[in-house]
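> This is final_31.cif, which holds mmCIF, C-alpha atoms and all ligand atoms:
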data_data
#
loop_
_atom_site.label_atom_id
_atom_site.label_comp_id
_atom_site.auth_asym_id
_atom_site.auth_seq_id
_atom_site.Cartn_x
_atom_site.Cartn_y
_atom_site.Cartn_z
CA MET R 216 0.00 0.00 0.00
CA ALA R 217 1.17 3.51 -0.74
CA LEU R 218 2.48 5.26 2.36
CA LEU R 219 1.42 8.66 3.62
CA ILE R 220 4.16 9.97 5.89
CA HIS R 221 3.69 13.20 7.82
CA LEU R 222 6.71 14.93 9.36
CA SER R 223 6.40 17.99 11.55
CA ALA R 224 9.67 19.23 10.04
CA THR R 225 12.37 18.06 7.65
CA TYR R 226 15.12 19.55 5.50
CA SER R 227 13.32 18.99 2.18
CA THR R 228 10.63 16.41 1.41
CA ASN R 229 12.32 15.64 -1.93
CA ASP R 230 15.64 14.94 -0.21
CA TYR R 231 13.92 12.99 2.59
CA VAL R 232 12.14 10.73 0.06
CA LYS R 233 15.32 10.21 -1.95
CA GLN R 234 17.11 9.25 1.28
CA LEU R 235 14.36 6.72 2.12
CA LEU R 236 14.60 5.26 -1.38
CA LEU R 237 18.27 4.47 -0.84
CA ASN R 238 17.07 1.78 1.60
CA GLY R 239 14.74 0.20 -0.97
CA PRO R 240 11.65 1.12 -2.95
CA LEU R 241 8.53 2.60 -1.42
CA GLU R 242 5.16 1.68 -2.88
CA GLU R 243 4.43 3.73 -5.98
CA GLY R 244 2.32 6.78 -5.12
CA SER R 245 3.73 7.09 -1.60
CA ILE R 246 3.84 10.59 -0.19
CA VAL R 247 5.87 12.47 2.38
CA TYR R 248 4.46 15.79 3.52
CA THR R 249 5.66 18.22 6.14
CA ASP R 250 4.71 21.35 8.05
CA PHE R 251 8.15 22.89 7.63
CA GLN R 252 11.28 22.54 5.51
CA SER R 253 14.57 23.97 6.78
CA THR R 254 16.13 23.82 3.30
CA GLY R 255 13.20 23.60 0.90
CA LYS R 256 14.50 23.42 -2.65
CA GLY R 257 13.19 25.29 -5.67
CA GLN R 258 14.10 25.21 -9.33
CA ARG R 259 17.30 26.76 -10.70
CA GLY R 260 19.02 26.15 -7.35
CA ASN R 261 16.67 28.51 -5.50
CA SER R 262 15.23 27.89 -2.05
CA TRP R 263 11.50 27.48 -1.39
CA GLU R 264 10.02 29.70 1.30
CA SER R 265 7.15 28.39 3.39
CA GLU R 266 6.04 29.52 6.83
CA LYS R 267 5.63 26.66 9.32
CA GLY R 268 2.24 24.93 9.17
CA LYS R 269 0.78 27.26 6.56
CA ASN R 270 1.25 25.50 3.25
CA LEU R 271 1.21 22.21 1.43
CA LEU R 272 4.72 20.80 1.03
CA PHE R 273 5.02 17.25 -0.25
CA SER R 274 6.81 14.80 -2.47
CA ILE R 275 5.39 11.80 -4.26
CA VAL R 276 7.31 8.85 -5.65
CA LEU R 277 6.57 7.17 -8.99
CA TYR R 278 8.38 4.55 -11.08
CA PRO R 279 7.46 5.61 -14.62
CA THR R 280 9.74 3.06 -16.28
CA MET R 281 7.72 3.19 -19.52
CA ILE R 282 8.62 6.87 -20.02
CA ALA R 283 11.74 7.39 -22.14
CA ALA R 284 14.28 9.86 -20.79
CA ASP R 285 13.68 12.23 -23.71
CA LYS R 286 9.92 12.26 -22.91
CA GLN R 287 10.32 13.06 -19.20
CA PHE R 288 8.58 16.39 -19.65
CA ILE R 289 5.25 14.50 -19.61
CA ILE R 290 5.74 14.15 -15.83
CA SER R 291 5.73 17.93 -15.44
CA GLN R 292 2.69 18.09 -17.69
CA PHE R 293 0.42 15.69 -15.81
CA THR R 294 1.56 16.94 -12.42
CA SER R 295 0.92 20.59 -13.22
CA LEU R 296 -2.37 19.75 -14.87
CA ALA R 297 -3.54 17.83 -11.77
CA ILE R 298 -2.68 20.78 -9.52
CA LYS R 299 -4.23 23.31 -11.86
CA GLU R 300 -7.48 21.31 -11.94
CA VAL R 301 -7.70 21.04 -8.17
CA LEU R 302 -6.84 24.69 -7.46
CA SER R 303 -9.40 25.74 -10.06
CA LEU R 304 -12.06 24.26 -7.76
CA TYR R 305 -11.23 27.06 -5.31
CA THR R 306 -10.56 30.05 -7.56
CA ASP R 307 -10.62 31.26 -11.17
CA ASN R 308 -7.60 32.36 -13.20
CA ILE R 309 -5.32 29.41 -12.45
CA THR R 310 -2.94 28.61 -15.30
CA ILE R 311 0.26 26.67 -15.86
CA LYS R 312 3.27 28.82 -16.55
CA TRP R 313 5.68 26.83 -18.70
CA PRO R 314 7.31 24.58 -17.78
CA ASN R 315 5.60 23.71 -14.51
CA ASP R 316 4.73 26.66 -12.27
CA ILE R 317 1.15 27.18 -11.28
CA TYR R 318 0.00 30.76 -11.50
CA TRP R 319 -2.94 32.78 -10.34
CA GLN R 320 -3.12 35.78 -12.65
CA GLU R 321 0.49 37.10 -12.73
CA LYS R 322 1.53 35.47 -9.45
CA LYS R 323 3.00 32.14 -8.47
CA ILE R 324 0.89 29.96 -6.18
CA CYS R 325 2.74 26.67 -6.64
CA GLY R 326 6.13 25.36 -7.65
CA ILE R 327 7.07 21.85 -8.74
CA LEU R 328 10.49 20.22 -8.60
CA VAL R 329 10.78 16.91 -10.48
CA GLU R 330 13.89 14.84 -9.78
CA ASN R 331 14.26 11.79 -12.00
CA ASN R 332 16.69 8.88 -11.97
CA LEU R 333 17.44 7.49 -15.41
CA MET R 334 18.46 3.95 -16.32
CA GLY R 335 19.07 2.63 -19.83
CA GLY R 336 17.28 5.53 -21.50
CA GLN R 337 14.16 5.15 -19.33
CA ILE R 338 13.07 6.79 -16.07
CA SER R 339 13.58 4.40 -13.18
CA GLN R 340 12.36 6.68 -10.39
CA SER R 341 10.70 10.07 -10.16
CA VAL R 342 10.43 12.17 -7.01
CA ILE R 343 7.95 14.95 -7.62
CA GLY R 344 8.11 17.75 -5.07
CA ILE R 345 5.23 20.17 -4.80
CA GLY R 346 4.90 23.36 -2.77
CA ILE R 347 1.54 25.12 -2.79
CA ASN R 348 0.96 28.40 -0.97
CA LEU R 349 -2.32 27.87 0.85
CA ASN R 350 -2.63 29.86 4.07
CA GLN R 351 0.49 32.07 4.23
CA ILE R 352 -0.32 35.74 4.01
CA THR R 353 3.06 37.44 4.09
CA PHE R 354 6.15 36.34 2.19
CA GLU R 355 9.65 37.29 3.32
CA SER R 356 11.90 36.09 0.54
CA ASP R 357 12.89 38.05 -2.50
CA ALA R 358 10.87 35.72 -4.70
CA LEU R 359 9.24 38.08 -7.15
CA ASN R 360 5.59 37.29 -7.03
CA PRO R 361 4.27 34.74 -4.53
CA VAL R 362 0.58 34.46 -3.74
CA SER R 363 -1.44 32.09 -1.56
CA LEU R 364 -4.96 30.76 -1.95
CA LYS R 365 -5.90 32.56 1.26
CA GLN R 366 -4.62 35.87 -0.12
CA ILE R 367 -6.86 35.34 -3.14
CA THR R 368 -10.06 34.24 -1.42
CA GLY R 369 -9.69 35.27 2.24
CA ILE R 370 -10.47 31.70 3.31
CA GLU R 371 -8.32 29.35 5.44
CA TYR R 372 -7.82 25.91 3.82
CA SER R 373 -7.35 22.37 5.08
CA ILE R 374 -3.89 21.29 3.93
CA GLU R 375 -4.77 17.58 4.12
CA GLU R 376 -7.95 17.99 2.07
CA ILE R 377 -6.06 19.63 -0.79
CA LEU R 378 -3.22 17.11 -0.48
CA HIS R 379 -5.66 14.21 -0.92
CA ALA R 380 -7.44 15.84 -3.86
CA ILE R 381 -4.16 16.49 -5.66
CA HIS R 382 -2.77 13.05 -4.88
CA GLU R 383 -5.88 11.46 -6.35
CA LYS R 384 -5.70 13.60 -9.49
CA ILE R 385 -1.99 12.96 -10.04
CA ILE R 386 -2.56 9.20 -9.80
CA LEU R 387 -5.52 9.46 -12.20
CA TYR R 388 -3.50 11.32 -14.82
CA TYR R 389 -0.53 9.02 -14.29
CA GLN R 390 -2.78 6.05 -15.00
CA GLU R 391 -3.85 7.75 -18.23
CA ILE R 392 -0.19 7.92 -19.23
CA LEU R 393 0.16 4.21 -18.38
CA VAL R 394 -2.60 3.39 -20.88
CA GLY R 395 -1.07 5.51 -23.63
CA LYS R 396 -3.07 8.73 -23.31
CA GLU R 397 -0.08 11.10 -23.39
CA LYS R 398 -1.55 13.07 -26.27
CA GLU R 399 -4.73 13.88 -24.34
CA ILE R 400 -2.68 15.06 -21.34
CA THR R 401 -0.44 17.18 -23.58
CA THR R 402 -3.45 18.79 -25.26
CA GLN R 403 -4.96 19.67 -21.89
CA TYR R 404 -1.61 20.95 -20.65
CA LYS R 405 -1.20 23.25 -23.66
CA SER R 406 -4.72 24.59 -23.37
CA SER R 407 -4.06 25.47 -19.69
CA LEU R 408 -0.98 27.59 -20.32
CA PHE R 409 -0.33 31.06 -18.92
CA ARG R 410 -0.15 33.65 -21.72
CA LYS R 411 -1.16 31.17 -24.37
CA GLU R 412 -2.61 33.98 -26.49
CA GLY R 413 -1.07 37.22 -27.71
CA TYR R 414 2.36 38.83 -27.63
CA HIS R 415 4.17 39.19 -24.30
CA TRP R 416 7.58 40.30 -23.04
CA TYR R 417 10.38 37.82 -22.42
CA HIS R 418 14.08 38.09 -21.86
CA ASP R 419 16.94 35.80 -22.74
CA LYS R 420 20.61 36.29 -21.94
CA ASN R 421 20.97 38.97 -24.59
CA SER R 422 17.85 41.11 -24.68
CA GLN R 423 14.18 41.70 -24.02
CA PHE R 424 11.74 40.88 -26.78
CA LYS R 425 8.05 40.43 -27.44
CA ALA R 426 6.80 37.10 -28.72
CA ARG R 427 3.81 34.82 -28.83
CA LEU R 428 3.62 31.22 -27.73
CA LEU R 429 3.48 28.83 -30.66
CA ASP R 430 4.02 25.44 -29.09
CA ILE R 431 5.73 23.34 -26.46
CA GLU R 432 7.73 20.47 -27.89
CA ASP R 433 7.49 16.97 -26.37
CA SER R 434 11.03 17.46 -25.09
CA GLY R 435 9.75 20.49 -23.13
CA LEU R 436 11.25 23.21 -25.34
CA LEU R 437 9.26 26.44 -25.52
CA VAL R 438 8.58 27.57 -29.09
CA LEU R 439 7.96 31.29 -29.56
CA GLU R 440 7.38 33.51 -32.54
CA THR R 441 8.83 37.00 -32.22
CA GLU R 442 7.09 40.08 -33.57
CA ASP R 443 9.33 39.99 -36.63
CA LYS R 444 8.18 36.40 -37.29
CA GLN R 445 11.31 34.60 -36.16
CA ILE R 446 10.67 31.18 -34.63
CA ARG R 447 12.81 30.70 -31.53
CA LYS R 448 13.10 27.69 -29.20
CA PHE R 449 14.17 27.82 -25.58
CA ALA R 450 15.08 25.39 -22.84
CA PHE R 451 13.95 26.25 -19.31
CA LYS R 452 17.06 28.06 -18.14
CA GLU R 453 17.46 30.05 -21.34
CA ILE R 454 14.48 32.38 -21.01
CA SER R 455 12.39 34.27 -18.44
CA TYR R 456 8.95 35.78 -18.64
CA ILE R 457 8.73 39.47 -17.85
CA LEU R 458 5.83 39.66 -15.43
CA GLN R 459 3.42 42.48 -14.69
CA SER R 460 3.76 43.76 -11.12
C1 LIG E 1 10.06 25.98 -7.80
O1 LIG E 1 11.09 26.61 -7.60
O2 LIG E 1 9.15 26.45 -8.44
C2 LIG E 1 9.91 24.56 -7.27
C3 LIG E 1 9.53 24.56 -5.83
C4 LIG E 1 9.28 23.18 -5.26
C5 LIG E 1 9.05 23.22 -3.78
C6 LIG E 1 8.65 21.89 -3.22
S1 LIG E 1 8.13 22.01 -1.55
C7 LIG E 1 8.14 20.25 -1.41
C8 LIG E 1 9.34 19.75 -2.19
N1 LIG E 1 10.52 19.71 -1.36
C9 LIG E 1 11.43 20.59 -1.76
O3 LIG E 1 12.54 20.80 -1.20
N2 LIG E 1 11.00 21.28 -2.83
C10 LIG E 1 9.71 20.79 -3.26
#
In structure tokens, write the structure found in this file.


Amino acid sequence: MALLIHLSATYSTNDYVKQLLLNGPLEEGSIVYTDFQSTGKGQRGNSWESEKGKNLLFSIVLYPTMIAADKQFIISQFTSLAIKEVLSLYTDNITIKWPNDIYWQEKKICGILVENNLMGGQISQSVIGIGINLNQITFESDALNPVSLKQITGIEYSIEEILHAIHEKIILYYQEILVGKEKEITTQYKSSLFRKEGYHWYHDKNSQFKARLLDIEDSGLLVLETEDKQIRKFAFKEISYILQS
């Protein structure tokens, strides 16, 4: 049976799960969640801020051995889609900001950190870490644009209730992948994207430019068309969105 482990505090649920997995596999779908992380990890080597007891911080373990290494982006797709669907039960204007941030309007409500182990060209193990701002109302870090569900609606949320709803949805979408429905997931992912219409500002290492979203490749590359009709492709670390404050 899948485990549900609750820790009052840990360094990082992703690191805790990976440590446990060194002693042998946990049942697929097992979850570790915590009230506080002393060294919560974000993408691009950033830290993840979360006030004790206020937010949902968890990691889930999967063994998606049928997913080829070059298709690993599908994990970000079904995970972000599951979270977007659940948060949309509580508020409007939830979108997925490529590759796998969850946004409310121009602000970030959730971050996802997927850490995969690869073996022979396939994924042998995936630890998916999810941080969702639920009940925190002030943010200390210099993160640009955090927002919590409580800041949006004024309501206090049950962390466990949202954890269970998201767990269920992730497993449901994962099972769709297992029966070959990647295309359906990808279509839903693309139709849920932040700034999927119109021209918006971006910057890469050289300059700022306006472009519109054309596509996301299966590998996860972002495909943009600039105002002068150039098609440009970007990996995650190569581009940033310029957000409205
Ligand atoms: C991001 O930078 O957008 C990703 C943030 C991921 C944060 C979550 S919180 C639970 C899990 N444990 C971690 O250390 N990070 C992820």

> Residues at most 10 Å from ligand LIG 1 (chain E), using only C-alpha atoms and all ligand atoms? Could they come as a PDB file with C-alpha atoms, in the frame of the given file?


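Written out: pocket08.pdb:
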ATOM      1  CA  THR R 225      12.370  18.060   7.650  1.00  0.00           C
ATOM      2  CA  TYR R 226      15.120  19.550   5.500  1.00  0.00           C
ATOM      3  CA  SER R 227      13.320  18.990   2.180  1.00  0.00           C
ATOM      4  CA  THR R 228      10.630  16.410   1.410  1.00  0.00           C
ATOM      5  CA  ASN R 229      12.320  15.640  -1.930  1.00  0.00           C
ATOM      6  CA  ASP R 230      15.640  14.940  -0.210  1.00  0.00           C
ATOM      7  CA  TYR R 231      13.920  12.990   2.590  1.00  0.00           C
ATOM      8  CA  VAL R 232      12.140  10.730   0.060  1.00  0.00           C
ATOM      9  CA  VAL R 247       5.870  12.470   2.380  1.00  0.00           C
ATOM     10  CA  TYR R 248       4.460  15.790   3.520  1.00  0.00           C
ATOM     11  CA  THR R 249       5.660  18.220   6.140  1.00  0.00           C
ATOM     12  CA  PHE R 251       8.150  22.890   7.630  1.00  0.00           C
ATOM     13  CA  GLN R 252      11.280  22.540   5.510  1.00  0.00           C
ATOM     14  CA  SER R 253      14.570  23.970   6.780  1.00  0.00           C
ATOM     15  CA  THR R 254      16.130  23.820   3.300  1.00  0.00           C
ATOM     16  CA  GLY R 255      13.200  23.600   0.900  1.00  0.00           C
ATOM     17  CA  LYS R 256      14.500  23.420  -2.650  1.00  0.00           C
ATOM     18  CA  GLY R 257      13.190  25.290  -5.670  1.00  0.00           C
ATOM     19  CA  GLN R 258      14.100  25.210  -9.330  1.00  0.00           C
ATOM     20  CA  ARG R 259      17.300  26.760 -10.700  1.00  0.00           C
ATOM     21  CA  GLY R 260      19.020  26.150  -7.350  1.00  0.00           C
ATOM     22  CA  ASN R 261      16.670  28.510  -5.500  1.00  0.00           C
ATOM     23  CA  SER R 262      15.230  27.890  -2.050  1.00  0.00           C
ATOM     24  CA  TRP R 263      11.500  27.480  -1.390  1.00  0.00           C
ATOM     25  CA  GLU R 264      10.020  29.700   1.300  1.00  0.00           C
ATOM     26  CA  SER R 265       7.150  28.390   3.390  1.00  0.00           C
ATOM     27  CA  ASN R 270       1.250  25.500   3.250  1.00  0.00           C
ATOM     28  CA  LEU R 271       1.210  22.210   1.430  1.00  0.00           C
ATOM     29  CA  LEU R 272       4.720  20.800   1.030  1.00  0.00           C
ATOM     30  CA  PHE R 273       5.020  17.250  -0.250  1.00  0.00           C
ATOM     31  CA  SER R 274       6.810  14.800  -2.470  1.00  0.00           C
ATOM     32  CA  ILE R 275       5.390  11.800  -4.260  1.00  0.00           C
ATOM     33  CA  PRO R 314       7.310  24.580 -17.780  1.00  0.00           C
ATOM     34  CA  ASN R 315       5.600  23.710 -14.510  1.00  0.00           C
ATOM     35  CA  ASP R 316       4.730  26.660 -12.270  1.00  0.00           C
ATOM     36  CA  ILE R 317       1.150  27.180 -11.280  1.00  0.00           C
ATOM     37  CA  LYS R 323       3.000  32.140  -8.470  1.00  0.00           C
ATOM     38  CA  ILE R 324       0.890  29.960  -6.180  1.00  0.00           C
ATOM     39  CA  CYS R 325       2.740  26.670  -6.640  1.00  0.00           C
ATOM     40  CA  GLY R 326       6.130  25.360  -7.650  1.00  0.00           C
ATOM     41  CA  ILE R 327       7.070  21.850  -8.740  1.00  0.00           C
ATOM     42  CA  LEU R 328      10.490  20.220  -8.600  1.00  0.00           C
ATOM     43  CA  VAL R 329      10.780  16.910 -10.480  1.00  0.00           C
ATOM     44  CA  GLU R 330      13.890  14.840  -9.780  1.00  0.00           C
ATOM     45  CA  VAL R 342      10.430  12.170  -7.010  1.00  0.00           C
ATOM     46  CA  ILE R 343       7.950  14.950  -7.620  1.00  0.00           C
ATOM     47  CA  GLY R 344       8.110  17.750  -5.070  1.00  0.00           C
ATOM     48  CA  ILE R 345       5.230  20.170  -4.800  1.00  0.00           C
ATOM     49  CA  GLY R 346       4.900  23.360  -2.770  1.00  0.00           C
ATOM     50  CA  ILE R 347       1.540  25.120  -2.790  1.00  0.00           C
ATOM     51  CA  ASN R 348       0.960  28.400  -0.970  1.00  0.00           C
ATOM     52  CA  ALA R 358      10.870  35.720  -4.700  1.00  0.00           C
TER      53      ALA R 358
END

> One number please: atom CA of R:Phe409 to atom CA of R:Leu393, in Å, one decimal.

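Taking atom CA of R:Phe409 as the start and atom CA of R:Leu393 as the end point, the length is 26.9 Å.
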
> Here is a test: counting all atoms listed in the file, which residue of R:Val301, R:Ile392, R:Ile338, R:Leu387 is nearest to R:Leu364?

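Selected residue with least distance to R:Leu364: R:Val301.
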
> Which one is closest to R:Lys411: R:His221, R:Ile374, R:Leu235, R:Val438? Count all atoms listed in the file.

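Looking at the shortest contact to R:Lys411, the residue is R:Val438.
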
> For R:Ile386, work out the shell of residues within 12 Å, counting only C-alpha atoms and skipping chain neighbours fewer than 2 positions away, then give it as a PDB file with C-alpha atoms, keeping the file's coordinate frame.


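In the end it all went to out-v1.pdb:
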ATOM      1  CA  ALA R 217       1.170   3.510  -0.740  1.00  0.00           C
ATOM      2  CA  GLU R 243       4.430   3.730  -5.980  1.00  0.00           C
ATOM      3  CA  GLY R 244       2.320   6.780  -5.120  1.00  0.00           C
ATOM      4  CA  SER R 245       3.730   7.090  -1.600  1.00  0.00           C
ATOM      5  CA  ILE R 246       3.840  10.590  -0.190  1.00  0.00           C
ATOM      6  CA  ILE R 275       5.390  11.800  -4.260  1.00  0.00           C
ATOM      7  CA  VAL R 276       7.310   8.850  -5.650  1.00  0.00           C
ATOM      8  CA  LEU R 277       6.570   7.170  -8.990  1.00  0.00           C
ATOM      9  CA  TYR R 278       8.380   4.550 -11.080  1.00  0.00           C
ATOM     10  CA  PRO R 279       7.460   5.610 -14.620  1.00  0.00           C
ATOM     11  CA  ILE R 290       5.740  14.150 -15.830  1.00  0.00           C
ATOM     12  CA  PHE R 293       0.420  15.690 -15.810  1.00  0.00           C
ATOM     13  CA  THR R 294       1.560  16.940 -12.420  1.00  0.00           C
ATOM     14  CA  LEU R 296      -2.370  19.750 -14.870  1.00  0.00           C
ATOM     15  CA  ALA R 297      -3.540  17.830 -11.770  1.00  0.00           C
ATOM     16  CA  ILE R 298      -2.680  20.780  -9.520  1.00  0.00           C
ATOM     17  CA  HIS R 379      -5.660  14.210  -0.920  1.00  0.00           C
ATOM     18  CA  ALA R 380      -7.440  15.840  -3.860  1.00  0.00           C
ATOM     19  CA  ILE R 381      -4.160  16.490  -5.660  1.00  0.00           C
ATOM     20  CA  HIS R 382      -2.770  13.050  -4.880  1.00  0.00           C
ATOM     21  CA  GLU R 383      -5.880  11.460  -6.350  1.00  0.00           C
ATOM     22  CA  LYS R 384      -5.700  13.600  -9.490  1.00  0.00           C
ATOM     23  CA  TYR R 388      -3.500  11.320 -14.820  1.00  0.00           C
ATOM     24  CA  TYR R 389      -0.530   9.020 -14.290  1.00  0.00           C
ATOM     25  CA  GLN R 390      -2.780   6.050 -15.000  1.00  0.00           C
ATOM     26  CA  GLU R 391      -3.850   7.750 -18.230  1.00  0.00           C
ATOM     27  CA  ILE R 392      -0.190   7.920 -19.230  1.00  0.00           C
ATOM     28  CA  LEU R 393       0.160   4.210 -18.380  1.00  0.00           C
TER      29      LEU R 393
END
